[in-house]
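These notes concern the structure reproduced below.
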4 protein chains.
Amino acid sequence: MTKIKALVVGAAGYAGGELVRLLLQHPAAEICGLVGHDNAGHRLDEVSPWLLGLLPENVAMIEDLQLDKSADVAFLALPAGISAETADELLRRGVKVIDLGADFRFKDAEIYAQWYKKPHARPQLLPQACYGLPELWRQEIAACSLIGNPGCYPTSVQLALAPLLKAGLADLSQPVIADCKSGITGAGRKAEKHLLFCEANDSINAYGVAGHRHTPEIEQGLGRLAGEAASVLFTPHLTPMSRGILSTIYVHLRRSVSQSELRALWGEFYADEYFVRLLSPDVWPHTRWVAGSNFCDINLKLDERTGLLVVCAAIDNIVKGAAGQAIQNMNLMFGFDEKTGLQQLPMMP
Amino acid sequence: MTKIKALVVGAAGYAGGELVRLLLQHPAAEICGLVGHDNAGHRLDEVSPWLLGLLPENVAMIEDLQLDKSADVAFLALPAGISAETADELLRRGVKVIDLGADFRFKDAEIYAQWYKKPHARPQLLPQACYGLPELWRQEIAACSLIGNPGCYPTSVQLALAPLLKAGLADLSQPVIADCKSGITGAGRKAEKHLLFCEANDSINAYGVAGHRHTPEIEQGLGRLAGEAASVLFTPHLTPMSRGILSTIYVHLRRSVSQSELRALWGEFYADEYFVRLLSPDVWPHTRWVAGSNFCDINLKLDERTGLLVVCAAIDNIVKGAAGQAIQNMNLMFGFDEKTGLQQLPMMP
Amino acid sequence: MTKIKALVVGAAGYAGGELVRLLLQHPAAEICGLVGHDNAGHRLDEVSPWLLGLLPENVAMIEDLQLDKSADVAFLALPAGISAETADELLRRGVKVIDLGADFRFKDAEIYAQWYKKPHARPQLLPQACYGLPELWRQEIAACSLIGNPGCYPTSVQLALAPLLKAGLADLSQPVIADCKSGITGAGRKAEKHLLFCEANDSINAYGVAGHRHTPEIEQGLGRLAGEAASVLFTPHLTPMSRGILSTIYVHLRRSVSQSELRALWGEFYADEYFVRLLSPDVWPHTRWVAGSNFCDINLKLDERTGLLVVCAAIDNIVKGAAGQAIQNMNLMFGFDEKTGLQQLPMMP
Amino acid sequence: MTKIKALVVGAAGYAGGELVRLLLQHPAAEICGLVGHDNAGHRLDEVSPWLLGLLPENVAMIEDLQLDKSADVAFLALPAGISAETADELLRRGVKVIDLGADFRFKDAEIYAQWYKKPHARPQLLPQACYGLPELWRQEIAACSLIGNPGCYPTSVQLALAPLLKAGLADLSQPVIADCKSGITGAGRKAEKHLLFCEANDSINAYGVAGHRHTPEIEQGLGRLAGEAASVLFTPHLTPMSRGILSTIYVHLRRSVSQSELRALWGEFYADEYFVRLLSPDVWPHTRWVAGSNFCDINLKLDERTGLLVVCAAIDNIVKGAAGQAIQNMNLMFGFDEKTGLQQLPMMP
């Protein structure tokens, strides 16, 4: 079988590294190029020594895209704005693009501009882009050449609430509260003081309170599922672990529903979804239980005292929240079984 | 100066160990007895070897209270129910009691019975007990001989919201949401599988969702501050760190208030409180920044999009959330300066 | 293709769980039974919830071996002594056995008895058992039905020193010093106080100094490679991480050899070994760089000032140090390519 | 009582922060100035927010030393070379100097030049400098105005071996092997990639093998204690914890000595030393058991099989290994009780 050729742009970061890890184990894809601006000219295993002996021999990191004449698909892990320009160039050459950044996640360039503090670099591409959350928008993705791969937090919140929203049971006249806890890979592989081991170890803190850029992405996603506008108060937290997101979500219900009806709703919605697991009653998702895998674990409980519903969802932020979901999108775009190359089991402990 | 004599019951646990750590550094108190049922006959430094060389020579752990004829005050870290019986016996002997468990936290024995699944062992003592949160109920505590030392989660939530509630600005017709993250000492020093390093490391999870026993304690505390009933949805999380609680709290406002008015409200309320620190705008509490200290760090932000207020509070769960607050109560009860023996700085990193 | 049927005895522990993780991803093997005495009657995913949805439907944990009439191979993760009895029974039924415990690691039942403080339960089986370190004893293993899978520490030390010992360059008149650091999975999934998160977090300590049972296994292994007796001083340390062993080994040389000659020696010895990686000069093994994989990373440096050679080797203690190596042995015993099902990449971070 | 005035140069680093933590709790000293080049003009609590509310009001960080006209003592946490120049200037003004760097640790400027790769900036000051390890050189320190505060690793190794060396029982014709494990604060508060949480978490590695600059300091210290030259092979390791050093040391004996004689030797040598604790037989030092304190915990075992002695010593690398020892030196230099301000108990967990 001829393998499809994949280009990874931004390979030296954590999401890029995870793309490499998954692509090297993918039976139907191979890496044809690695791009890393800061590390051009170096082999990736100099920067990420755990890849020693595992990379294709002829692949050095390059500064630009000149060499990748043969790519079928490109994964972009780039700063906002740069992504859009790079995607434009690649699409012109006939390369399908899966962008792990935010440039193609929004339908509305104005919302992007407002939260990302700059005009969108290629608004004309937005109509042809698809939001790459396969469990929700599988058919669109399969027919698309330009994917806005969802943010890590938005992935967990949308998967957590989709059954309720699609059933029209959420009372969206009240804000949804998403209290989310992320491992430190979420902040990227940047040499910044607050990300040092000794600053982050044994400590948890909120950040970006009432102002994080994933807020409008979550609102767009929930609104699309519900068919009405959704208002979200999203609080991210930096948690002393390498990987994982746990989202604890509080939502008002439109009418009285029992705990067992709610469980049935989630159970049916995800009955055929390999990557979403509804845990047993009273077993709550642990981020470590999905580490290294593409799973999203969910549980929920109706608080009868307040009438609010609490939903918890756990993902590995750089797998289902980034690289794994990107591969899942690639599988759909190229007609492979969606699970291809993504059946790594959780690594616990 | 004659030092007061303190008895620590349950010295081999984490809260008990912290009481010992703080009492050994207290200039006006000395340990006259250590009680630990499981370890009776052993010296505490056999069970907690880091105390080698630091304990008074004549203090071995004993199984019961027979030996402590001379105690002025007793700290109880015991299971629910046992505490009340022990406190009764000690009070009869003229020993002041600070109970770190839940037996004397509730005004209403019915609520206790409902959440702790058993009748209260000494309901007749409740009228004379005080809830030991010094920043809020200082005067009562000073005149009291029986203190219900607050739970770790309730301490953080009440300190976080007190300025708002006392000002009558919280809209309590809507539930308050308290999403709280605790270090693993919160679960005690029990040899249980889910508390093993390899189970808890690098992972976060919710537990006791919509059913944790600290819920009614928080509701009682908030209600008392506001002068009206409060409804709370409280979700605790087990976080991969040894110490610390971070509470992220979502509350509706009764009327429109500006961010600067809100900051001023907290600033004034805690202006004279040594142990409560309102952080600079946009600096959010980190649990590590209070580790080993009796501080409670707070910040807050009005989310103008949803109208909700977000308040974050961080404490060391076994200091301000247990042993430190207990010493603070002791200081009040014996007429010492409230800060005596409690000015350990945070140990960061 | 018909898959071989594998039985995992002791599936609820960490090594057992890792066997399950690897077997579920193995293309030529399938799990036919899971045995776990303490959890008989329960499904494994009740005890290890991260396996939800991944286990074969008809496999519950059973208390004994009655049901596994069809197994081709059994992996035993059992206490010393019990293993030998179970192996005996399985061998009589024609099941090949890979024992992850110590019962079949020693050629000399006396040494076993001396260090494990009891007579060997089936000394008559020792002559037919092979020591399962594939890189060193591949041919024997392929022809064998009873494998003593090496200990985690001994695996790392033997792979680290094999090139030197086979070349006759180690001066074994002096003791070899092996200072080894293990992640906490090495102590098993037992609810013991010293393994609690709060006891082990942020701390390192030596244990079993000058008396750990892996000492004679290392001595036997090094002696066999060198063709002469070896004396080893082995110090294990409990390190605050879930997985991984780093062994730092100090050895005297028989004659003067240069750093470059030594690198060449290791390079050649392991040139064809997929699972052993000699890192670039001045890049030292990190346990995380092999986490979840079957790799053993090695580097070495001659200390010209003292004439001693320092060798560092890192493995994942429950993969190359237990379950991964067991699968590697299974592959050899059944004629599969040795890497089959073992090409998981390291999960970093 | 008039307090002595202390200047902290390099206050924004981890050792500097620890000096501040300890000085703020010292009853006989007060901070008169904080110097931090990178952060000049900012208050220290902007860079280290856990100090909010704890710093003297009139102390901002300054770029140079112009303002500190009144200091009695200065603590320097500066790069090699800069320290010597700064110390020279301060000494001329009559300020006593405790240098936490290496500039005044060596008697021989040549050895310094060889290992630190540059000539010593003020070799003329070396004769008047004392090596500040109070348990070993107390009297010299008390009479000295310029202290070379020992390195963290060398402190632990010298305290571990002093009883043996002073008794003339070490066979120094063979190299001493010091296998040392350090928490990540040891690398300083620098924004470097390898110190990021996600790079260091859950991993251990050796570094600087056979070339670390603490080697000659350890050799000088051991040689001085033994009265003969000592050769040391020192291997440091980066360990996933914030604080702590555990040194495991292997040393040959000159003659046969029993385990009990050896324990007695250590017990007598340190009988009057508050900060050195010989643990009970078979209880091995844990770094966490000394965290935040100035203790050095020690245990030892004779390996009768090889004749080698194994000694383990644990310290908090930024307390006894840096700031705490510096305060201990200050106490000696100013005639205070050596323990003044240093009786913080270990913070465990």
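By convention here, the chains of the structure tokens are called A, B, ... in the order presented, each chain's residues are numbered starting at 1, and ligands are numbered starting at 1 in the order presented.
Interface residues of chain B facing chain D, defined by any atom at most 8 Å away and using only C-alpha atoms, are B:Tyr14, B:Arg21, B:Gln25, B:Pro49, B:Trp50, B:Leu51, B:Leu52, B:Gly53, B:Thr185, B:Ser242, B:Arg243, B:Arg277, B:Leu279, B:Trp289, B:Val290, B:Gly292, B:Gln343, B:Gln344, B:Leu345, B:Pro346, B:Met347, B:Met348, B:Pro349.
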Please identify the alpha helix (DSSP H) residues within region 51-267 of chain A (assignment by DSSP from backbone atoms) and present them as a PDB file with C-alpha atoms, in the first residue's frame.
```pdb
ATOM      1  CA  ILE A  82       1.270  32.502  10.490  1.00  0.00           C
ATOM      2  CA  SER A  83      -0.890  29.411  10.227  1.00  0.00           C
ATOM      3  CA  ALA A  84      -3.352  31.043   7.863  1.00  0.00           C
ATOM      4  CA  GLU A  85      -0.637  32.218   5.503  1.00  0.00           C
ATOM      5  CA  THR A  86       1.090  28.841   5.499  1.00  0.00           C
ATOM      6  CA  ALA A  87      -2.192  27.037   4.963  1.00  0.00           C
ATOM      7  CA  ASP A  88      -3.003  29.251   2.008  1.00  0.00           C
ATOM      8  CA  GLU A  89       0.286  28.406   0.343  1.00  0.00           C
ATOM      9  CA  LEU A  90      -0.097  24.690   0.975  1.00  0.00           C
ATOM     10  CA  LEU A  91      -3.669  24.559  -0.283  1.00  0.00           C
ATOM     11  CA  ARG A  92      -2.574  26.186  -3.525  1.00  0.00           C
ATOM     12  CA  ALA A 109     -13.536  36.508  11.340  1.00  0.00           C
ATOM     13  CA  GLU A 110     -14.751  39.310  13.574  1.00  0.00           C
ATOM     14  CA  ILE A 111     -14.862  37.111  16.637  1.00  0.00           C
ATOM     15  CA  TYR A 112     -11.372  35.872  15.812  1.00  0.00           C
ATOM     16  CA  ALA A 113     -10.130  39.444  15.448  1.00  0.00           C
ATOM     17  CA  GLN A 114     -11.698  40.488  18.710  1.00  0.00           C
ATOM     18  CA  TRP A 115     -10.181  37.713  20.828  1.00  0.00           C
ATOM     19  CA  TYR A 116      -6.870  37.261  19.008  1.00  0.00           C
ATOM     20  CA  PRO A 134     -15.073  14.159  14.320  1.00  0.00           C
ATOM     21  CA  GLU A 135     -17.645  12.844  16.793  1.00  0.00           C
ATOM     22  CA  LEU A 136     -19.791  15.884  16.007  1.00  0.00           C
ATOM     23  CA  TRP A 137     -19.034  16.863  12.427  1.00  0.00           C
ATOM     24  CA  ARG A 138     -17.744  13.707  10.839  1.00  0.00           C
ATOM     25  CA  GLN A 139     -19.353  14.047   7.417  1.00  0.00           C
ATOM     26  CA  GLU A 140     -18.230  17.599   6.785  1.00  0.00           C
ATOM     27  CA  ILE A 141     -14.678  16.729   7.754  1.00  0.00           C
ATOM     28  CA  ALA A 142     -14.506  13.790   5.365  1.00  0.00           C
ATOM     29  CA  CYS A 152      -7.937  21.296  23.826  1.00  0.00           C
ATOM     30  CA  TYR A 153     -10.360  22.867  26.298  1.00  0.00           C
ATOM     31  CA  PRO A 154     -13.142  23.295  23.704  1.00  0.00           C
ATOM     32  CA  THR A 155     -12.832  19.636  22.688  1.00  0.00           C
ATOM     33  CA  SER A 156     -13.511  18.451  26.211  1.00  0.00           C
ATOM     34  CA  VAL A 157     -16.374  20.867  26.861  1.00  0.00           C
ATOM     35  CA  GLN A 158     -18.177  20.195  23.581  1.00  0.00           C
ATOM     36  CA  LEU A 159     -17.929  16.418  23.912  1.00  0.00           C
ATOM     37  CA  ALA A 160     -19.120  16.685  27.509  1.00  0.00           C
ATOM     38  CA  LEU A 161     -22.261  18.641  26.632  1.00  0.00           C
ATOM     39  CA  ALA A 162     -23.165  17.550  23.112  1.00  0.00           C
ATOM     40  CA  PRO A 163     -25.823  14.997  24.101  1.00  0.00           C
ATOM     41  CA  LEU A 164     -27.642  17.538  26.256  1.00  0.00           C
ATOM     42  CA  LEU A 165     -27.433  20.324  23.710  1.00  0.00           C
ATOM     43  CA  LYS A 166     -28.550  18.215  20.781  1.00  0.00           C
ATOM     44  CA  PHE A 197       9.370  22.632  37.374  1.00  0.00           C
ATOM     45  CA  CYS A 198      10.005  24.470  40.625  1.00  0.00           C
ATOM     46  CA  GLU A 199       7.325  27.092  39.933  1.00  0.00           C
ATOM     47  CA  ALA A 200       4.603  24.696  38.811  1.00  0.00           C
ATOM     48  CA  HIS A 214     -10.965  29.492  24.112  1.00  0.00           C
ATOM     49  CA  THR A 215     -14.150  31.112  25.427  1.00  0.00           C
ATOM     50  CA  PRO A 216     -15.572  32.181  22.033  1.00  0.00           C
ATOM     51  CA  GLU A 217     -14.602  28.823  20.507  1.00  0.00           C
ATOM     52  CA  ILE A 218     -16.563  27.019  23.196  1.00  0.00           C
ATOM     53  CA  GLU A 219     -19.503  29.383  22.756  1.00  0.00           C
ATOM     54  CA  GLN A 220     -19.522  28.895  19.003  1.00  0.00           C
ATOM     55  CA  GLY A 221     -19.398  25.119  19.429  1.00  0.00           C
ATOM     56  CA  LEU A 222     -22.108  24.877  22.059  1.00  0.00           C
ATOM     57  CA  GLY A 223     -24.310  27.310  20.173  1.00  0.00           C
ATOM     58  CA  ARG A 224     -24.014  25.312  16.973  1.00  0.00           C
ATOM     59  CA  LEU A 225     -24.991  22.108  18.780  1.00  0.00           C
ATOM     60  CA  ALA A 226     -27.935  23.735  20.540  1.00  0.00           C
ATOM     61  CA  GLN A 259     -30.368  11.088  36.591  1.00  0.00           C
ATOM     62  CA  SER A 260     -31.144   7.831  34.795  1.00  0.00           C
ATOM     63  CA  GLU A 261     -32.674   9.605  31.800  1.00  0.00           C
ATOM     64  CA  LEU A 262     -29.575  11.727  31.579  1.00  0.00           C
ATOM     65  CA  ARG A 263     -27.230   8.736  31.692  1.00  0.00           C
ATOM     66  CA  ALA A 264     -29.303   7.090  28.982  1.00  0.00           C
ATOM     67  CA  LEU A 265     -29.041  10.220  26.857  1.00  0.00           C
ATOM     68  CA  TRP A 266     -25.229  10.201  26.974  1.00  0.00           C
ATOM     69  CA  GLY A 267     -25.095   6.435  26.610  1.00  0.00           C
TER      70      GLY A 267
END
```
Env of region 302-305 of chain B: 10 Å cut, atoms = only C-alpha atoms, seq-sep filter 6 positions within chain, self excluded. Answer as an MDAnalysis selection string.
(chainID A and resid 175 209:211 231:234) or (chainID B and resid 250:253 256:260 262:263 311)
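Straight-line separation from CA of Cys296 (chain C) to CA of Ile315 (chain C): 4.8 Å.
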Please identify which residues in region 96-149 of chain A DSSP calls strand (DSSP E or B) from the backbone, and express them as a short mmCIF file (atom, residue, chain, number, x, y, z; two decimals) with N, CA and C atoms, in the first residue's frame.
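Below is the file out_21.cif, written as the result:
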```cif
data_model
loop_
_atom_site.label_atom_id
_atom_site.label_comp_id
_atom_site.auth_asym_id
_atom_site.auth_seq_id
_atom_site.Cartn_x
_atom_site.Cartn_y
_atom_site.Cartn_z
N LYS A 96 -3.61 19.03 1.53
CA LYS A 96 -4.66 19.22 2.53
C LYS A 96 -4.04 19.71 3.83
N VAL A 97 -4.78 20.52 4.54
CA VAL A 97 -4.21 21.16 5.72
C VAL A 97 -5.06 20.90 6.96
N ILE A 98 -4.37 20.50 8.02
CA ILE A 98 -5.01 20.38 9.34
C ILE A 98 -4.26 21.33 10.26
N ASP A 99 -4.92 22.40 10.64
CA ASP A 99 -4.27 23.44 11.43
C ASP A 99 -4.61 23.25 12.91
N CYS A 130 -13.42 23.46 7.84
CA CYS A 130 -14.32 22.71 8.73
C CYS A 130 -13.74 22.63 10.12
N TYR A 131 -14.61 22.63 11.08
CA TYR A 131 -14.20 22.48 12.48
C TYR A 131 -14.04 21.00 12.76
N LEU A 146 -9.49 21.60 4.44
CA LEU A 146 -8.89 22.55 5.38
C LEU A 146 -9.61 22.44 6.72
N ILE A 147 -8.88 21.94 7.70
CA ILE A 147 -9.49 21.65 9.00
C ILE A 147 -8.95 22.60 10.06
N GLY A 148 -9.86 23.22 10.78
CA GLY A 148 -9.47 23.91 12.01
C GLY A 148 -9.60 22.91 13.15
#
```
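Using only C-alpha atoms for every distance, the candidate list A:Leu125, A:Ala143, A:Ala187, A:Cys180 yields A:Cys180 as the residue closest to His237 (chain A).
Here CA of Ala178 (chain D) is placed at a distance of 6.0 Å from CA of Thr248 (chain D).
Going from CA of Gly81 (chain D) over to CA of Ala121 (chain D), you cover 5.6 Å.
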